[in-house]
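The file upload-v1.txt contains compact mmCIF, C-alpha atoms:
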```
# COMPACT_ATOMS: atom_id res chain seq x y z
CA MET J 1 177.99 98.25 176.35
CA ASP J 2 177.81 100.85 179.12
CA CYS J 3 174.79 99.45 180.86
CA VAL J 4 173.86 96.77 183.33
CA ASP J 5 171.90 93.70 182.24
CA ARG J 6 169.88 93.26 185.42
CA HIS J 7 168.19 90.08 184.17
CA ALA J 8 171.29 88.15 183.12
CA ARG J 9 171.35 85.94 186.21
CA ARG J 10 167.72 84.85 185.93
CA LEU J 11 168.16 84.13 182.24
CA GLU J 12 171.26 82.07 182.93
CA GLU J 13 169.33 80.00 185.50
CA LEU J 14 166.67 79.26 182.88
CA ARG J 15 169.25 78.42 180.23
CA ARG J 16 171.12 76.05 182.55
CA ALA J 17 167.96 74.24 183.65
CA VAL J 18 166.86 73.57 180.07
CA PHE J 19 170.21 72.73 178.50
CA GLU J 20 172.19 71.31 181.41
CA GLY J 21 169.54 70.01 183.82
CA ASP J 22 168.42 66.41 184.23
CA GLY J 23 165.87 65.20 181.72
CA VAL J 24 164.71 62.17 179.79
CA THR J 25 166.65 63.39 176.74
CA ASP J 26 170.42 63.72 176.48
CA ARG J 27 171.77 67.21 177.07
CA GLU J 28 173.49 67.05 173.68
CA VAL J 29 170.14 66.44 171.97
CA ARG J 30 168.60 69.51 173.64
CA VAL J 31 171.56 71.70 172.74
CA ALA J 32 171.43 70.47 169.15
CA ALA J 33 167.68 71.14 168.93
CA ALA J 34 168.34 74.69 170.13
CA ALA J 35 171.19 75.26 167.69
CA GLY J 36 169.42 73.68 164.72
CA THR J 37 172.15 71.06 164.42
CA SER J 38 170.19 67.90 165.26
CA VAL J 39 171.48 65.16 163.04
CA THR J 40 168.59 62.75 163.11
CA GLU J 41 165.08 63.01 161.73
CA PRO J 42 162.36 63.55 162.70
CA VAL J 43 163.84 65.68 165.51
CA ARG J 44 165.74 67.91 163.08
CA GLY J 45 162.68 68.85 161.02
CA TYR J 46 160.48 69.25 164.09
CA ALA J 47 162.95 71.51 165.93
CA ALA J 48 163.41 73.62 162.80
CA LYS J 49 159.66 74.08 162.52
CA VAL J 50 159.37 75.13 166.17
CA CYS J 51 162.18 77.65 165.66
CA GLU J 52 161.18 79.12 162.30
CA ALA J 53 157.41 78.65 161.89
CA SER J 54 155.84 77.35 165.08
CA TYR J 55 152.39 78.49 163.90
CA ARG J 56 152.60 75.71 161.29
CA VAL J 57 153.12 72.90 163.82
CA THR J 58 150.27 70.37 163.60
CA ASP J 59 148.95 67.42 165.59
CA GLU J 60 150.61 65.21 162.97
CA ASP J 61 154.06 66.65 163.75
CA ILE J 62 153.71 65.64 167.40
CA GLU J 63 152.24 62.25 166.48
CA GLY J 64 155.16 61.70 164.12
CA LEU J 65 157.62 62.06 166.98
CA LYS J 66 155.63 59.66 169.12
CA THR J 67 155.40 57.13 166.31
CA ASP J 68 159.16 57.35 166.07
CA GLY J 69 159.37 56.22 169.69
CA MET J 70 159.63 59.53 171.52
CA ASP J 71 157.48 59.83 174.65
CA GLU J 72 155.66 63.01 175.65
CA GLU J 73 158.29 64.05 178.20
CA ALA J 74 160.93 63.96 175.49
CA VAL J 75 158.74 65.98 173.13
CA PHE J 76 158.25 68.51 175.94
CA GLU J 77 161.98 68.85 176.50
CA ILE J 78 162.92 69.08 172.82
CA THR J 79 160.23 71.69 172.20
CA VAL J 80 161.29 73.87 175.13
CA ALA J 81 164.94 73.59 174.09
CA ALA J 82 164.25 74.49 170.44
CA ALA J 83 162.04 77.45 171.40
CA LEU J 84 164.56 78.75 173.91
CA GLY J 85 167.33 78.38 171.32
CA ALA J 86 165.39 80.50 168.81
CA ALA J 87 164.66 83.14 171.44
CA LEU J 88 168.28 83.27 172.63
CA HIS J 89 169.55 83.61 169.07
CA ARG J 90 167.41 86.72 168.60
CA PHE J 91 168.29 88.16 172.00
CA GLU J 92 172.02 87.72 171.42
CA ALA J 93 171.78 89.41 168.00
CA GLY J 94 170.14 92.41 169.67
CA LEU J 95 172.66 92.49 172.49
CA ARG J 96 175.58 92.38 170.02
CA ALA J 97 174.15 95.39 168.17
CA VAL J 98 173.83 97.33 171.46
CA SER J 99 177.48 96.54 172.21
CA GLU J 100 178.86 97.48 168.75
CA MET E 1 146.80 70.82 174.51
CA ARG E 2 148.69 68.46 172.26
CA LEU E 3 150.61 66.83 175.13
CA GLU E 4 148.58 64.95 177.69
CA VAL E 5 151.37 65.33 180.30
CA LEU E 6 150.92 69.12 180.23
CA GLU E 7 147.18 68.77 180.74
CA HIS E 8 147.09 66.09 183.42
CA GLY E 9 150.65 65.13 184.38
CA HIS E 10 151.10 67.35 187.42
CA ARG E 11 152.25 66.52 190.93
CA LEU E 12 149.81 66.64 193.86
CA PRO E 13 150.41 70.30 194.95
CA ALA E 14 149.81 71.53 191.40
CA ARG E 15 146.67 69.39 191.07
CA VAL E 16 145.28 70.77 194.34
CA PHE E 17 146.14 74.32 193.25
CA GLN E 18 144.28 73.85 189.97
CA ARG E 19 141.14 72.66 191.75
CA VAL E 20 141.19 75.49 194.31
CA ALA E 21 142.00 78.18 191.70
CA ALA E 22 139.24 76.96 189.38
CA SER E 23 136.74 77.03 192.21
CA LEU E 24 137.76 80.55 193.32
CA LEU E 25 138.01 82.04 189.82
CA GLY E 26 135.15 80.23 188.15
CA ALA E 27 137.51 79.46 185.26
CA GLU E 28 140.06 76.74 184.65
CA VAL E 29 143.77 77.48 185.19
CA ASP E 30 145.19 78.52 181.80
CA ASP E 31 147.54 76.49 179.61
CA VAL E 32 150.57 78.69 180.38
CA VAL E 33 150.30 77.95 184.08
CA LYS E 34 149.65 74.25 183.44
CA THR E 35 152.81 74.08 181.32
CA MET E 36 154.91 75.92 183.93
CA MET E 37 153.72 73.57 186.68
CA HIS E 38 154.79 70.49 184.76
CA ARG E 39 158.21 69.33 186.03
CA PRO E 40 158.96 72.90 187.15
CA GLU E 41 162.61 72.16 187.95
CA PHE E 42 163.22 71.65 184.22
CA PHE E 43 161.57 74.84 183.01
CA GLY E 44 158.62 76.52 184.74
CA ARG E 45 160.23 77.52 188.04
CA HIS E 46 163.04 79.34 186.24
CA LEU E 47 160.78 80.87 183.61
CA ASN E 48 158.40 82.17 186.28
CA ARG E 49 161.21 83.91 188.20
CA TYR E 50 162.60 85.43 185.01
CA VAL E 51 159.18 86.60 183.80
CA ASN E 52 158.27 88.14 187.17
CA GLN E 53 161.49 90.15 187.18
CA VAL E 54 161.49 91.21 183.50
CA LEU E 55 157.80 92.09 183.19
CA ARG E 56 157.16 93.52 186.64
CA GLY E 57 160.56 94.43 188.12
CA PRO E 58 162.06 97.95 188.08
CA SER E 59 162.42 99.31 184.53
CA TYR E 60 162.39 102.44 182.37
CA TRP E 61 159.25 100.91 180.83
CA THR E 62 155.91 100.81 182.62
CA ALA E 63 154.25 97.43 183.10
CA GLY E 64 151.72 98.46 180.44
CA GLU E 65 154.48 99.27 177.96
CA ARG E 66 156.13 95.91 178.55
CA GLU E 67 152.77 94.24 177.96
CA TYR E 68 152.47 96.22 174.72
CA MET E 69 155.86 94.84 173.59
CA ALA E 70 154.61 91.36 174.51
CA ALA E 71 151.49 91.77 172.38
CA ILE E 72 153.43 93.17 169.42
CA THR E 73 156.00 90.35 169.52
CA SER E 74 153.19 87.80 169.78
CA GLY E 75 151.52 89.23 166.70
CA LEU E 76 154.79 89.03 164.78
CA ASN E 77 155.13 85.36 165.73
CA GLU E 78 151.52 84.69 164.68
CA CYS E 79 150.65 83.57 168.20
CA LEU E 80 146.97 84.36 168.60
CA PHE E 81 146.85 82.91 172.11
CA CYS E 82 149.47 85.33 173.49
CA ALA E 83 148.49 88.29 171.27
CA THR E 84 144.93 88.15 172.59
CA ALA E 85 145.96 87.80 176.22
CA HIS E 86 148.58 90.53 176.15
CA SER E 87 146.32 92.97 174.33
CA GLU E 88 144.08 92.62 177.37
CA THR E 89 146.93 92.87 179.89
CA THR E 90 148.16 95.99 178.04
CA ARG E 91 144.73 97.54 178.50
CA VAL E 92 144.59 96.56 182.18
CA GLU E 93 148.13 97.62 183.11
CA SER E 94 147.97 100.94 181.20
CA ARG E 95 144.44 101.65 182.48
CA GLY E 96 143.26 101.95 178.90
CA GLU E 97 145.94 104.41 177.79
CA LEU E 98 147.65 101.93 175.48
CA ASP E 99 145.74 100.09 172.77
CA VAL E 100 147.58 97.46 170.74
CA SER E 101 145.25 98.05 167.78
CA ASP E 102 145.96 101.81 167.78
CA ASP E 103 149.59 102.72 167.00
CA THR E 104 149.04 106.36 167.98
CA THR E 105 148.75 105.41 171.66
CA PRO E 106 152.40 104.52 172.50
CA ARG E 107 155.00 107.25 173.10
CA PRO E 108 157.66 107.62 170.34
CA GLN E 109 160.26 105.79 172.44
CA LEU E 110 158.02 102.71 172.62
CA THR E 111 157.17 102.84 168.91
CA ALA E 112 160.86 102.99 167.96
CA THR E 113 161.67 100.14 170.33
CA CYS E 114 158.89 97.97 168.92
CA ASP E 115 160.24 98.57 165.40
CA LEU E 116 163.59 97.28 166.63
CA LEU E 117 161.95 94.26 168.27
CA ALA E 118 160.17 93.50 164.99
CA LYS E 119 163.47 93.38 163.13
CA ILE E 120 165.06 91.23 165.84
CA THR E 121 162.10 88.85 165.77
CA HIS E 122 162.01 88.39 162.00
CA THR E 123 165.55 89.04 160.75
CA PRO E 124 167.90 88.90 163.75
CA ASP E 125 171.04 88.45 161.68
CA GLU E 126 170.43 91.78 159.94
CA VAL E 127 170.26 93.87 163.13
CA THR E 128 173.12 96.37 163.48
CA LYS E 129 174.22 99.31 165.60
CA ALA E 130 172.33 101.60 163.20
CA ASP E 131 169.05 100.01 164.31
CA ILE E 132 169.96 100.59 167.96
CA ASP E 133 170.95 104.19 167.21
CA VAL E 134 167.44 104.90 165.86
CA VAL E 135 166.04 103.93 169.26
CA ARG E 136 168.75 105.82 171.17
CA ALA E 137 167.90 108.96 169.14
CA THR E 138 164.44 108.99 170.74
CA GLY E 139 166.07 109.18 174.18
CA VAL E 140 165.84 105.53 175.23
CA PRO E 141 168.86 104.58 177.39
CA ASP E 142 170.77 101.39 176.69
CA ASP E 143 169.54 99.75 179.93
CA ALA E 144 165.99 100.17 178.67
CA ILE E 145 166.86 98.71 175.26
CA VAL E 146 168.28 95.63 177.01
CA ASP E 147 165.14 95.38 179.16
CA ALA E 148 163.08 95.41 175.95
CA LEU E 149 165.27 92.65 174.48
CA HIS E 150 164.42 90.50 177.51
CA VAL E 151 160.69 91.07 177.02
CA ASN E 152 161.14 90.11 173.38
CA LEU E 153 163.10 87.00 174.38
CA ILE E 154 160.32 85.82 176.70
CA PHE E 155 157.72 86.08 173.96
CA ASN E 156 159.93 84.64 171.24
CA LEU E 157 160.12 81.65 173.56
CA VAL E 158 156.57 81.50 174.89
CA ASN E 159 154.89 82.17 171.52
CA ARG E 160 156.64 79.09 170.11
CA LEU E 161 155.45 76.98 173.03
CA ALA E 162 151.89 78.28 172.69
CA ASN E 163 151.79 77.51 168.97
CA THR E 164 153.46 74.12 169.32
CA PHE E 165 151.68 72.81 172.41
CA GLY E 166 148.34 74.10 171.17
CA TRP E 167 147.52 76.46 174.05
CA SER E 168 144.00 77.87 173.82
CA TRP E 169 141.50 79.97 175.74
CA ASP E 170 138.18 78.47 176.79
CA SER E 171 136.34 81.79 176.65
CA GLU E 172 136.62 85.59 176.72
CA THR E 173 135.90 85.35 180.43
CA GLN E 174 138.95 83.17 180.98
CA ILE E 175 141.14 85.76 179.19
CA ARG E 176 139.80 88.63 181.29
CA LYS E 177 140.23 86.67 184.51
CA ALA E 178 143.76 85.67 183.55
CA ALA E 179 144.63 89.34 182.97
CA GLN E 180 143.27 90.23 186.40
CA VAL E 181 145.22 87.42 188.05
CA ILE E 182 148.38 88.58 186.28
CA HIS E 183 147.72 92.13 187.48
CA LEU E 184 147.32 91.05 191.10
CA SER E 185 150.04 88.38 191.20
CA ARG E 186 152.58 90.22 189.03
CA TYR E 187 153.19 86.87 187.26
CA LYS E 188 154.31 85.21 190.48
CA LEU E 189 152.99 81.67 190.95
CA PRO E 190 152.87 80.24 194.50
CA GLY E 191 156.20 78.57 195.32
CA PHE E 192 154.66 75.23 196.32
CA VAL E 193 153.35 74.57 192.79
CA LEU E 194 156.83 75.08 191.35
CA ARG E 195 158.58 72.58 193.63
```

Please re-express this file's structure in structure tokens.
Amino acid sequence: MDCVDRHARRLEELRRAVFEGDGVTDREVRVAAAAGTSVTEPVRGYAAKVCEASYRVTDEDIEGLKTDGMDEEAVFEITVAAALGAALHRFEAGLRAVSE
Amino acid sequence: MRLEVLEHGHRLPARVFQRVAASLLGAEVDDVVKTMMHRPEFFGRHLNRYVNQVLRGPSYWTAGEREYMAAITSGLNECLFCATAHSETTRVESRGELDVSDDTTPRPQLTATCDLLAKITHTPDEVTKADIDVVRATGVPDDAIVDALHVNLIFNLVNRLANTFGWSWDSETQIRKAAQVIHLSRYKLPGFVLR
């Protein structure tokens, strides 16, 4: 790619904060939510819904996580991580095509 | 919003800011700002810096054209909250020259780029060099294509948060005021609310 990505540094700061920063959830859980590789339900199904069809998320989905013992701060972190993972996946696919 | 912590879980500076802003604007601070002010070290501070640079920093694309990309991506992700807001910001930033509901208003370079963004949004694994070459053929330089990918990234992220957290507008007035605030602030929130 013969061009400069002038926003790479700011994006990297965002990525690091969400996936490597301190939180109430383990970093591995956030990374797995972003990659779609969470091994435990209901996080796996919830993260997949955020990534693939967020317009279908309902109050019951959030309540289901809370009933399972997850507090609101954890839901916040998992949601941000899953959404950022989906957005990064798309961005990287575009960037690869520019570099081909 | 579906999470109480995003509605009322802010630190003192953010709470004061919300009261002052509501009193000055005559409308409540919107759900995007409330979400960014919640534990900003985890997310909002970094998102705000990235958004300010991508949507209002130097670019081949005008601010209005970047808003147009935002509205198109939001429509593709079925995010009514963002689609509505960024249709209005497109109108404001382009001084009425771009209309999201009229696909004859963008220049060919923007139309081709939005077609690429649509494919990336819906079927990212099928995007190839051939798709990029279609955009290049209209005269768009690679730097500008990468800038457009960043706009698309922001809305592929934010649309999901809007849909999931249940962001909503209180009224048409709140949307119009938010667009004016965005125009004046260039998406930059005061530093003290992000600490």

Open item on the list: Distance cut-off 9 Å, counting only C-alpha atoms - which residues of chain J neighbour chain E? Return them as a ChimeraX atom specification.
Closed with: /J:1-7,9-11,13-15,17-18,21-23,50-51,53-59,62,72-73,75-77,79-80,82-100

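Look at everything within 9 Å of (150.0, 74.5, 185.9) using all atoms listed in the file, and the residues you get are E:Leu6, E:Glu7, E:His10, E:Ala14, E:Arg15, E:Phe17, E:Gln18, E:Val29, E:Asp30, E:Asp31, E:Val32, E:Val33, E:Lys34, E:Thr35, E:Met36, E:Met37, E:His38, E:Gly44, E:Val193, E:Leu194.
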
- [ ] Find the residues around Glu67 in chain E up to 12 Å (all atoms listed in the file counted), leave out those fewer than 2 positions away in its own chain, and share them as a ChimeraX atom specification.
- [x] /E:51,54-56,61-65,69-74,82-94,98-100,106,110,114,148,151-152,154-155,179,182-183,186-187

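Note that the spacing between CA of Pro42 in chain J and CA of Phe19 in chain J amounts to 19.9 Å.
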
Task: Coordinates-based distance that separates CA of Val29 in chain J from CA of Ala74 in chain J (Å, one decimal) - done: 10.2 Å

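CA of Ser185 in chain E is found 9.2 Å from CA of Asn52 in chain E.
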